[in-house]
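Here is the structure we will look at, set down as structure tokens.
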Amino acid sequence: MTAATGQYGRLVVEGLLARGARVAAVVRSPERAAGLAASGAEVRYGDYDDADSLRAAFAGAERLLLVSSPELETGRRVAQHVTAVDAARAAGVGLLAYTSFLGAGTRPEGVTAAHHATERHIEASGLPHLLLRHPYYSDAFLHAGLREAVAAGVLEDGTGGRGLNTASRADLAEAAVRVLTGQQGRKSYDLTGEPWTYRDLAETLTRVSGATVAYAERTAPVPGPAGWLDAQVRAGALEHWTDDLATLLGRRPTSLEEAVRAVLAK
């Protein structure tokens, strides 16, 4: 699998090893992967911008998990993914699984543009493939700032009360492990957690912390990534929901209360 030293990648590698799978961890900086090697993974050098390195890294792979590049510029990101897909085909990979994004199957613009183009290239490649379409990670919204809301007694909401379909990295990684080590009955999965709202979050914070946390709508936008995320939620972009994640996990995804308890316990 690629990007094996990332937060998501490490979880997938650990899960695969726990199931007795032979894992080749493809990384750009092998010196950062000593922990993976010690756990039993074979560490291989591979760079999304170096086709030769990827062909060598993918050699002998029965199944490949291609984790999407963190590159933000759409053109370069697509080019990197194309390089990886073509290297997988040249190496004779048996199955290519790709971490895409919700909506990428139909939306060729905005946040899904690179994923849409990548999905099209994977389909055209002729490789047996699997698309794991992720939502936003829960920790983009459920983080240490919640402790500040508990201390202040107020949770401000700039999402207009719309729903969020986030999921934890751990659940998404477990889903990948299950599908990579099992039978693939489908070519794509839209993976979402159970929907929640900031009003639900305020009530959960109150229940978990034992302190009253009031819900307050915020009309003034906040700068930076947080403001951009708020706008996405207000537009309804995070309200699509399926039971695909629960089906792969064989259980309910991590609940809002479980996530909040974990954040407040840190």
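Residues in the structure tokens are numbered from 1 in each chain, the chains being A, B, ... in the order shown, and ligands are numbered from 1 in the order shown.
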Just list as a ChimeraX atom specification whatever in range 28-160 of chain A DSSP marks as strand (DSSP E). /A:42-45,63-66,95-101,129-134,154-157
Would you output that residue set with C-alpha atoms, as a tab-separated table (two decimals), in the first residue's frame?
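Saved as again00.tsv:
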chain	number	residue	atom	x	y	z
A	42	GLU	CA	8.34	-4.88	4.00
A	43	VAL	CA	9.28	-1.25	3.36
A	44	ARG	CA	9.72	-0.22	-0.27
A	45	TYR	CA	10.63	3.16	-1.74
A	63	ARG	CA	-3.70	-6.19	-4.17
A	64	LEU	CA	-2.70	-2.54	-3.99
A	65	LEU	CA	-4.24	0.17	-1.85
A	66	LEU	CA	-3.51	3.47	-3.56
A	95	LEU	CA	-6.53	-5.52	-7.79
A	96	LEU	CA	-6.23	-1.75	-7.33
A	97	ALA	CA	-8.16	-0.15	-4.47
A	98	TYR	CA	-8.22	3.65	-4.40
A	99	THR	CA	-9.18	6.01	-1.57
A	100	SER	CA	-11.47	8.41	-3.38
A	101	PHE	CA	-13.95	10.97	-2.02
A	129	HIS	CA	-10.43	-2.11	-9.11
A	130	LEU	CA	-12.25	-0.99	-6.01
A	131	LEU	CA	-13.18	2.59	-5.09
A	132	LEU	CA	-13.35	3.46	-1.39
A	133	ARG	CA	-15.02	6.89	-1.33
A	134	HIS	CA	-14.27	8.60	1.98
A	154	VAL	CA	-21.27	27.33	24.59
A	155	LEU	CA	-20.82	25.50	21.27
A	156	GLU	CA	-20.94	27.86	18.32
A	157	ASP	CA	-22.22	26.53	15.01
Excluding same-chain residues fewer than 2 positions from Thr118 in chain A, what lies within 10 Å of it counting only C-alpha atoms, as an MDAnalysis selection string? chainID A and resid 68 77:82 85 98 100 104:105 112:116 120:124
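Going from CA of Ala152 in chain A over to CA of Ser209 in chain A, you cover 12.3 Å.
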Nearest to Gly40 in chain A by atom-to-atom distance, counting only C-alpha atoms, from A:Ala18, A:Leu229, A:Ala259, A:Val93: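 Residue with the minimum atom-to-atom distance to Gly40 in chain A: A:Ala18.
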DSSP says alpha helix (DSSP H) for which residues of range 68-98 of chain A? Put them as a list in words?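 Reading the DSSP output for range 68-98 of chain A, alpha helix (DSSP H) covers Thr74, Gly75, Arg76, Arg77, Val78, Ala79, Gln80, His81, Val82, Thr83, Ala84, Val85, Asp86, Ala87, Ala88, Arg89 and Ala90 of chain A.
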Please determine, counting only C-alpha atoms, which residue among A:Arg10, A:Asp243, A:Pro135, A:Thr5 has the shortest atom-to-atom distance to Glu31 in chain A.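 Nearest to Glu31 in chain A: A:Thr5.
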For each of A:Ser255, A:Ser168, A:Ser188, A:Ser29, take the minimum atom-to-atom distance to Thr204 in chain A, counting only C-alpha atoms, then give the residue where this is smallest.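 Closest to Thr204 in chain A, using only C-alpha atoms: A:Ser255.
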Mind checking which residues fall within 8 Å of range 178-180 of chain A, counting only C-alpha atoms, ignoring those fewer than 3 positions away in the same chain, and posting them as a list in words?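 The contact residues come out as Arg63, Glu174, Ala175, Gln183, Gln184, Leu248 and Leu249 of chain A.
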Dump of N, CA, C and O atoms for the selected residues, as a PDB file, in the first residue's frame:
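Dumped everything to result-v4.pdb:
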ATOM      1  N   ARG A  63      -2.734  -7.256  -4.402  1.00  0.00           N
ATOM      2  CA  ARG A  63      -3.704  -6.194  -4.175  1.00  0.00           C
ATOM      3  C   ARG A  63      -2.959  -4.937  -3.731  1.00  0.00           C
ATOM      4  O   ARG A  63      -2.058  -5.007  -2.899  1.00  0.00           O
ATOM      5  N   GLU A 174     -10.226   0.234   9.050  1.00  0.00           N
ATOM      6  CA  GLU A 174     -10.731  -1.123   9.276  1.00  0.00           C
ATOM      7  C   GLU A 174     -11.544  -1.605   8.077  1.00  0.00           C
ATOM      8  O   GLU A 174     -11.444  -2.767   7.670  1.00  0.00           O
ATOM      9  N   ALA A 175     -12.329  -0.700   7.494  1.00  0.00           N
ATOM     10  CA  ALA A 175     -13.116  -1.067   6.313  1.00  0.00           C
ATOM     11  C   ALA A 175     -12.203  -1.471   5.164  1.00  0.00           C
ATOM     12  O   ALA A 175     -12.471  -2.451   4.451  1.00  0.00           O
ATOM     13  N   GLN A 183     -13.682 -10.839   0.098  1.00  0.00           N
ATOM     14  CA  GLN A 183     -14.189 -10.895  -1.258  1.00  0.00           C
ATOM     15  C   GLN A 183     -14.779  -9.540  -1.633  1.00  0.00           C
ATOM     16  O   GLN A 183     -15.420  -8.882  -0.821  1.00  0.00           O
ATOM     17  N   GLN A 184     -14.568  -9.123  -2.870  1.00  0.00           N
ATOM     18  CA  GLN A 184     -15.084  -7.847  -3.338  1.00  0.00           C
ATOM     19  C   GLN A 184     -16.339  -8.075  -4.176  1.00  0.00           C
ATOM     20  O   GLN A 184     -16.268  -8.541  -5.313  1.00  0.00           O
ATOM     21  N   LEU A 248     -19.448  -2.985   5.737  1.00  0.00           N
ATOM     22  CA  LEU A 248     -18.084  -3.506   5.687  1.00  0.00           C
ATOM     23  C   LEU A 248     -17.552  -3.823   7.091  1.00  0.00           C
ATOM     24  O   LEU A 248     -16.848  -4.816   7.281  1.00  0.00           O
ATOM     25  N   LEU A 249     -17.882  -2.964   8.051  1.00  0.00           N
ATOM     26  CA  LEU A 249     -17.389  -3.166   9.413  1.00  0.00           C
ATOM     27  C   LEU A 249     -18.095  -4.318  10.117  1.00  0.00           C
ATOM     28  O   LEU A 249     -17.543  -4.918  11.046  1.00  0.00           O
TER      29      LEU A 249
END
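In terms of minimum interatomic distance to Gly94 in chain A, A:Phe58 ranks closest within A:Tyr198, A:Tyr215, A:Phe58, A:Tyr189, counting only C-alpha atoms.
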Kindly give the distance, in Å, that separates CA of Glu71 in chain A and CA of Asp47 in chain A, rounded to a single decimal.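 Interatomic distance here is 12.5 Å.
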Pick from A:Ala231, A:Asp52, A:Gly250, A:Glu14, whichever lies nearest to Ala37 in chain A using only C-alpha atoms: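 Going through A:Ala231, A:Asp52, A:Gly250, A:Glu14 one by one, the smallest distance to Ala37 in chain A is for A:Glu14.
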Distance criterion (only C-alpha atoms): nearest to Thr181 in chain A out of A:Leu205, A:Arg19, A:Ala33, A:Ala262: A:Arg19
